[in-house]
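Asker: Pasting a structure below so you can have a look.
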Amino acid sequence: MSEEKKKHEKQVPNNVVPLGPTKCCGEGCNKKPEKAGFCAEHFEWFKAGLLTKEGMKAADFEKKHYHFMRAKKSA
Ligand SMILES: [Zn+2]
């Protein structure tokens, strides 16, 4: 007799906000975080969709970065 277990693994959303990150979430960045866990520069990246909120590079990071830098230059 086989027992069928239906597992409903509820993913509890992690709403716990850490008290104060001491470092920017950006890869290899040691600057002090200013907004949403990023330093000013990486927050810009995050806003532009270059980084996820975890500080990971977006899937099409290179393309986005290219356009981001171009947009910055002409601004
Ligand atoms: Zn940074």
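Residues in the structure tokens are numbered from 1 in each chain, the chains being A, B, ... in the order shown, and ligands are numbered from 1 in the order shown.
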Using only C-alpha atoms and all ligand atoms, find each residue in chain A having at least one atom no more than 9 Å away from ligand 1; report its shortest atom-to-atom pair and that distance in Å (one decimal), rows by chain then rising number, as a tab-separated table.

Answerer:
```
residue	atom	partner	partner_atom_place_in_ligand_line	distance
A:Lys23	CA	ligand 1	1 (Zn)	7.7
A:Cys24	CA	ligand 1	1 (Zn)	4.6
A:Cys25	CA	ligand 1	1 (Zn)	6.4
A:Gly26	CA	ligand 1	1 (Zn)	4.7
A:Glu27	CA	ligand 1	1 (Zn)	7.4
A:Gly28	CA	ligand 1	1 (Zn)	7.8
A:Cys29	CA	ligand 1	1 (Zn)	4.6
A:Asn30	CA	ligand 1	1 (Zn)	6.5
A:Lys31	CA	ligand 1	1 (Zn)	5.4
A:Lys32	CA	ligand 1	1 (Zn)	7.4
A:Pro33	CA	ligand 1	1 (Zn)	7.0
A:Gly37	CA	ligand 1	1 (Zn)	8.6
A:Phe38	CA	ligand 1	1 (Zn)	5.4
A:Cys39	CA	ligand 1	1 (Zn)	4.3
A:Ala40	CA	ligand 1	1 (Zn)	6.9
A:Glu41	CA	ligand 1	1 (Zn)	5.9
A:His42	CA	ligand 1	1 (Zn)	4.6
A:Phe43	CA	ligand 1	1 (Zn)	7.4
A:Gly55	CA	ligand 1	1 (Zn)	9.0
```

Asker: Which residues, written as a ChimeraX atom specification, have at least one atom at most 10 Å from A:Leu50, with only C-alpha atoms counted and residues fewer than 4 positions away on the same chain left out?

Answerer: /A:42-46,55-65,68

Asker: Please identify the alpha helix (DSSP H) residues within stretch 10-71 of chain A (assignment by DSSP from backbone atoms) and present them as a list in words.

Answerer: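 Alpha helix (DSSP H) assignments inside stretch 10-71 of chain A correspond to Ala40, Glu41, His42, Phe43, Glu44, Trp45, Phe46, Lys47, Phe61, Glu62, Lys63, Lys64, His65, Tyr66, His67, Phe68, Met69, Arg70 and Ala71 of chain A.
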